[in-house]
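First up is the structure itself, then whatever we jot down about it.
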Amino acid sequence: MPISPLEGEMPGRAERGASHRPLWGAFFAALALAIASPLSAYADAPPFGFVRLADVDATIRQDIRYAGNKNFLRRQVDGYEAPVCILTRQAAKALSSVQKAIAQKGQTLVVFDCYRPARAVADMVEWTRSGGPPDPQWYPSVKRGDLIAKGYIGELSNHSRGSTVDLAIAPVAGAAAPRPACGAPDADTLDFGTGFDCFDQASETAHHPLPGNAAANRKRLVEAMRAAGFRNYAREWWHFTLTEEPFPKQRFDFPVTAP
């Protein structure tokens, strides 16, 4: 089946900040559609309740890291067949409202990850099991095998519910952004102190001290997202979940594809 709502939780450590308010109508509608519809029904469009972000707001910049090799695995992640942001319709519309607000200052949102298939989460978990030393670019102070125990990678991810997004703010035009020592070094964003997916204490939203304007930029991002109904995950300044998400109890596993 192209879509797999997973009722409740899979075994293992869940990513913190998960919502537990059931929306049974949305769940049963999605489940019924998944059971009744053939694979071909999803060839050109995401499943029920989901949209490609570009169809809602094409002005938001997309830099989907797990569809390529510029990420902490240094390879394409299972389930990412295209560098495309897919979200629930509610999350996409809320994100568009943030974009409209910051566009007035000559800035844009940059999304690094949106909906994440459950198979991608499993791929990341399996990758940690091979072990290895710290990686100076992505996890400078933690061994690969300890990333789950330290809380940097979850055996479950609320990204798989479709209303969580990893993002930053960037200038629409102007000087190149700082190149942080940890995390994605080439995202051309404002200075947030670290790059996206820096698995280190410095990525905690309230970490102190931070260089330059990083603290102010983190605060502005949190406030802009909060105004649109998103809550931040305190260990990652880039990570936000829609508070009133439509699928708070389900995780999905359809692949990320292009139109």
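Scheme for the structure tokens: letters A, B, ... for chains in order shown; per-chain residue numbers from 1; ligand numbers from 1 in order shown.
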
Produce a table with one row for each residue of range 70-155 of chain A that has an atom at most 8 Å from any atom of range 174-197 of chain A, each row naming the nearest atom pair and its distance in Å at one decimal; use only C-alpha atoms; arrange rows by chain and rising residue number; format as a Markdown table.
| residue | atom | partner | partner_atom | distance |
| --- | --- | --- | --- | --- |
| A:Lys70 | CA | A:Ala184 | CA | 7.4 |
| A:Asn71 | CA | A:Ala184 | CA | 7.1 |
| A:Phe72 | CA | A:Asp197 | CA | 7.3 |
| A:Val110 | CA | A:Thr189 | CA | 7.7 |
| A:Phe112 | CA | A:Phe196 | CA | 7.7 |
| A:Pro136 | CA | A:Cys182 | CA | 7.0 |
| A:Gln137 | CA | A:Cys182 | CA | 4.7 |
| A:Trp138 | CA | A:Gly183 | CA | 4.9 |
| A:Tyr139 | CA | A:Cys182 | CA | 7.5 |
| A:Pro140 | CA | A:Cys182 | CA | 7.5 |

Surrounding residues of His159 in chain A excluding itself and chain neighbours under 2 positions, 7 Å, only C-alpha atoms, as a PyMOL selection string: chain A and resi 114-116+157+161-165

DSSP helix (DSSP H, G or I) selection over range 62-226 of chain A, as number ranges by chain: A: 65-67, 89-103, 118-129, 144-146, 158-161, 201-203, 214-226

What residues in range 54-236 of chain A get the DSSP label strand (DSSP E)? Please answer as an mmCIF file with N, CA, C and O atoms, in the first residue's frame.
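So the final result, stored in result.cif, reads:
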data_model
loop_
_atom_site.group_PDB
_atom_site.id
_atom_site.type_symbol
_atom_site.label_atom_id
_atom_site.label_comp_id
_atom_site.auth_asym_id
_atom_site.auth_seq_id
_atom_site.Cartn_x
_atom_site.Cartn_y
_atom_site.Cartn_z
ATOM 1 N N ARG A 61 11.420 28.495 -0.155
ATOM 2 C CA ARG A 61 12.581 27.798 -0.715
ATOM 3 C C ARG A 61 12.676 26.387 -0.146
ATOM 4 O O ARG A 61 12.489 26.180 1.062
ATOM 5 N N GLN A 62 12.956 25.421 -1.003
ATOM 6 C CA GLN A 62 13.073 24.030 -0.575
ATOM 7 C C GLN A 62 14.503 23.533 -0.759
ATOM 8 O O GLN A 62 15.094 23.666 -1.826
ATOM 9 N N ILE A 86 6.479 17.710 1.348
ATOM 10 C CA ILE A 86 5.079 17.302 1.463
ATOM 11 C C ILE A 86 4.658 17.515 2.905
ATOM 12 O O ILE A 86 5.392 17.177 3.839
ATOM 13 N N LEU A 87 3.474 18.099 3.094
ATOM 14 C CA LEU A 87 2.932 18.353 4.427
ATOM 15 C C LEU A 87 1.432 18.115 4.419
ATOM 16 O O LEU A 87 0.812 18.010 3.351
ATOM 17 N N THR A 88 0.841 18.047 5.612
ATOM 18 C CA THR A 88 -0.615 18.095 5.650
ATOM 19 C C THR A 88 -1.056 19.465 5.139
ATOM 20 O O THR A 88 -0.305 20.444 5.201
ATOM 21 N N GLN A 107 12.826 38.499 3.215
ATOM 22 C CA GLN A 107 13.339 37.207 3.645
ATOM 23 C C GLN A 107 12.406 36.082 3.217
ATOM 24 O O GLN A 107 11.263 36.306 2.809
ATOM 25 N N THR A 108 12.914 34.856 3.306
ATOM 26 C CA THR A 108 12.136 33.687 2.917
ATOM 27 C C THR A 108 12.401 32.541 3.884
ATOM 28 O O THR A 108 13.467 32.467 4.510
ATOM 29 N N LEU A 109 11.436 31.668 4.019
ATOM 30 C CA LEU A 109 11.663 30.412 4.730
ATOM 31 C C LEU A 109 12.447 29.468 3.822
ATOM 32 O O LEU A 109 12.310 29.490 2.597
ATOM 33 N N VAL A 110 13.270 28.630 4.432
ATOM 34 C CA VAL A 110 13.960 27.545 3.738
ATOM 35 C C VAL A 110 13.631 26.266 4.488
ATOM 36 O O VAL A 110 13.934 26.150 5.683
ATOM 37 N N VAL A 111 12.980 25.308 3.820
ATOM 38 C CA VAL A 111 12.613 24.052 4.483
ATOM 39 C C VAL A 111 13.641 22.972 4.134
ATOM 40 O O VAL A 111 14.017 22.803 2.974
ATOM 41 N N PHE A 112 14.098 22.264 5.166
ATOM 42 C CA PHE A 112 15.084 21.198 4.999
ATOM 43 C C PHE A 112 14.449 19.812 5.042
ATOM 44 O O PHE A 112 14.976 18.867 4.455
ATOM 45 N N ASP A 113 13.362 19.675 5.778
ATOM 46 C CA ASP A 113 12.650 18.399 5.846
ATOM 47 C C ASP A 113 11.216 18.680 6.235
ATOM 48 O O ASP A 113 10.950 19.595 7.030
ATOM 49 N N THR A 164 5.075 18.350 10.774
ATOM 50 C CA THR A 164 6.328 18.825 11.359
ATOM 51 C C THR A 164 7.275 19.226 10.241
ATOM 52 O O THR A 164 7.352 18.561 9.207
ATOM 53 N N VAL A 165 8.010 20.308 10.478
ATOM 54 C CA VAL A 165 8.902 20.829 9.454
ATOM 55 C C VAL A 165 10.203 21.312 10.092
ATOM 56 O O VAL A 165 10.194 21.825 11.221
ATOM 57 N N ASP A 166 11.305 21.080 9.403
ATOM 58 C CA ASP A 166 12.606 21.619 9.795
ATOM 59 C C ASP A 166 12.924 22.766 8.848
ATOM 60 O O ASP A 166 12.906 22.585 7.612
ATOM 61 N N LEU A 167 13.257 23.937 9.396
ATOM 62 C CA LEU A 167 13.406 25.105 8.523
ATOM 63 C C LEU A 167 14.224 26.202 9.162
ATOM 64 O O LEU A 167 14.550 26.152 10.346
ATOM 65 N N ALA A 168 14.533 27.200 8.355
ATOM 66 C CA ALA A 168 15.262 28.386 8.808
ATOM 67 C C ALA A 168 14.777 29.564 7.981
ATOM 68 O O ALA A 168 13.907 29.428 7.119
ATOM 69 N N ILE A 169 15.353 30.728 8.255
ATOM 70 C CA ILE A 169 15.057 31.946 7.498
ATOM 71 C C ILE A 169 16.310 32.339 6.724
ATOM 72 O O ILE A 169 17.428 32.222 7.225
ATOM 73 N N ALA A 170 16.112 32.803 5.492
ATOM 74 C CA ALA A 170 17.221 33.242 4.659
ATOM 75 C C ALA A 170 16.861 34.545 3.970
ATOM 76 O O ALA A 170 15.681 34.841 3.748
ATOM 77 N N PRO A 171 17.863 35.349 3.617
ATOM 78 C CA PRO A 171 17.581 36.534 2.812
ATOM 79 C C PRO A 171 17.196 36.126 1.399
ATOM 80 O O PRO A 171 17.731 35.151 0.859
ATOM 81 N N PHE A 230 2.585 26.934 15.318
ATOM 82 C CA PHE A 230 3.598 25.893 15.452
ATOM 83 C C PHE A 230 4.288 25.992 16.807
ATOM 84 O O PHE A 230 4.473 27.087 17.345
ATOM 85 N N ARG A 231 4.727 24.865 17.343
ATOM 86 C CA ARG A 231 5.519 24.837 18.564
ATOM 87 C C ARG A 231 6.911 24.295 18.244
ATOM 88 O O ARG A 231 7.072 23.405 17.398
ATOM 89 N N ASN A 232 7.892 24.815 18.925
ATOM 90 C CA ASN A 232 9.279 24.436 18.695
ATOM 91 C C ASN A 232 9.681 23.261 19.570
ATOM 92 O O ASN A 232 9.213 23.111 20.699
#

Shell of 12 Å around Arg119 in chain A, only C-alpha atoms, local chain residues under 3 positions omitted, as a list in words: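 Residues meeting the cut-off are Pro2, Ile3, Ser4, Leu6, Val77, Asp78, Gly79, Tyr80, Tyr115, Arg116, Ala122, Asp123, Met124, Val125, Glu126, Glu155, Leu156, Ser157, His159, Ser160, Arg251, Phe252, Asp253, Phe254, Pro255 and Val256 of chain A.
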
Just write the chosen residues, N, CA, C and O atoms, as a compact mmCIF listing (two decimals), in the first residue's frame.
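Once everything was written out, this is selection.txt:
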# COMPACT_ATOMS: atom_id res chain seq x y z
N PRO A 2 0.46 2.29 -0.69
CA PRO A 2 1.26 3.51 -0.76
C PRO A 2 1.23 4.35 0.49
O PRO A 2 2.05 5.23 0.66
N ILE A 3 0.27 4.08 1.37
CA ILE A 3 0.16 4.89 2.58
C ILE A 3 -0.16 3.96 3.74
O ILE A 3 -0.99 3.07 3.61
N SER A 4 0.52 4.13 4.86
CA SER A 4 0.34 3.24 6.00
C SER A 4 0.14 4.03 7.27
O SER A 4 1.10 4.41 7.92
N LEU A 6 -0.11 4.28 10.94
CA LEU A 6 0.28 3.38 12.01
C LEU A 6 -0.40 3.82 13.28
O LEU A 6 -0.01 4.80 13.90
N VAL A 77 18.38 9.08 1.77
CA VAL A 77 17.67 8.31 2.79
C VAL A 77 16.50 7.57 2.16
O VAL A 77 15.83 8.09 1.26
N ASP A 78 16.25 6.37 2.61
CA ASP A 78 15.17 5.54 2.08
C ASP A 78 13.83 6.28 2.17
O ASP A 78 13.49 6.86 3.20
N GLY A 79 13.08 6.26 1.09
CA GLY A 79 11.76 6.90 1.07
C GLY A 79 11.75 8.27 0.44
O GLY A 79 10.68 8.79 0.11
N TYR A 80 12.92 8.87 0.23
CA TYR A 80 13.02 10.19 -0.40
C TYR A 80 13.37 10.00 -1.87
O TYR A 80 14.55 9.93 -2.24
N TYR A 115 7.34 16.21 5.67
CA TYR A 115 6.89 14.85 5.95
C TYR A 115 8.05 13.89 5.74
O TYR A 115 8.80 14.01 4.77
N ARG A 116 8.21 12.95 6.68
CA ARG A 116 9.29 11.95 6.61
C ARG A 116 8.67 10.56 6.68
O ARG A 116 8.06 10.20 7.69
N ALA A 122 13.23 4.47 10.01
CA ALA A 122 13.86 3.17 10.24
C ALA A 122 15.25 3.10 9.62
O ALA A 122 16.16 2.50 10.20
N ASP A 123 15.43 3.72 8.47
CA ASP A 123 16.73 3.76 7.81
C ASP A 123 17.75 4.50 8.68
O ASP A 123 18.88 4.05 8.85
N MET A 124 17.34 5.62 9.25
CA MET A 124 18.24 6.39 10.12
C MET A 124 18.61 5.58 11.36
O MET A 124 19.77 5.57 11.80
N VAL A 125 17.62 4.91 11.94
CA VAL A 125 17.88 4.12 13.15
C VAL A 125 18.85 2.98 12.83
O VAL A 125 19.81 2.73 13.58
N GLU A 126 18.63 2.30 11.71
CA GLU A 126 19.51 1.20 11.32
C GLU A 126 20.93 1.70 11.07
O GLU A 126 21.92 1.03 11.42
N GLU A 155 13.68 6.94 17.48
CA GLU A 155 13.20 5.71 16.87
C GLU A 155 11.80 5.90 16.29
O GLU A 155 11.33 5.09 15.49
N LEU A 156 11.15 6.96 16.71
CA LEU A 156 9.91 7.44 16.11
C LEU A 156 10.11 8.91 15.81
O LEU A 156 10.88 9.59 16.48
N SER A 157 9.43 9.42 14.81
CA SER A 157 9.54 10.84 14.51
C SER A 157 8.17 11.42 14.21
O SER A 157 7.40 10.85 13.43
N HIS A 159 7.75 13.82 12.39
CA HIS A 159 7.75 14.17 10.97
C HIS A 159 6.85 13.22 10.17
O HIS A 159 6.28 13.60 9.15
N SER A 160 6.74 11.98 10.63
CA SER A 160 5.95 10.98 9.90
C SER A 160 4.45 11.21 10.03
O SER A 160 3.66 10.54 9.37
N ARG A 251 1.22 7.63 11.96
CA ARG A 251 2.45 7.85 11.23
C ARG A 251 2.28 7.20 9.86
O ARG A 251 1.69 6.13 9.74
N PHE A 252 2.84 7.83 8.83
CA PHE A 252 2.62 7.41 7.46
C PHE A 252 3.92 6.96 6.82
O PHE A 252 5.02 7.31 7.26
N ASP A 253 3.79 6.18 5.72
CA ASP A 253 4.97 5.61 5.11
C ASP A 253 4.93 5.65 3.57
O ASP A 253 5.60 4.87 2.92
N PHE A 254 4.18 6.56 2.98
CA PHE A 254 4.23 6.70 1.52
C PHE A 254 5.52 7.45 1.16
O PHE A 254 6.01 8.28 1.93
N PRO A 255 6.10 7.19 0.01
CA PRO A 255 7.37 7.83 -0.36
C PRO A 255 7.19 9.29 -0.73
O PRO A 255 6.10 9.72 -1.13
N VAL A 256 8.26 10.04 -0.63
CA VAL A 256 8.29 11.44 -1.05
C VAL A 256 8.61 11.45 -2.54
O VAL A 256 9.70 11.03 -2.94

Two-atom distance - CA of Phe240 in chain A, CA of Met225 in chain A (Å):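 Result for CA of Phe240 in chain A versus CA of Met225 in chain A: 7.6 Å, one decimal.
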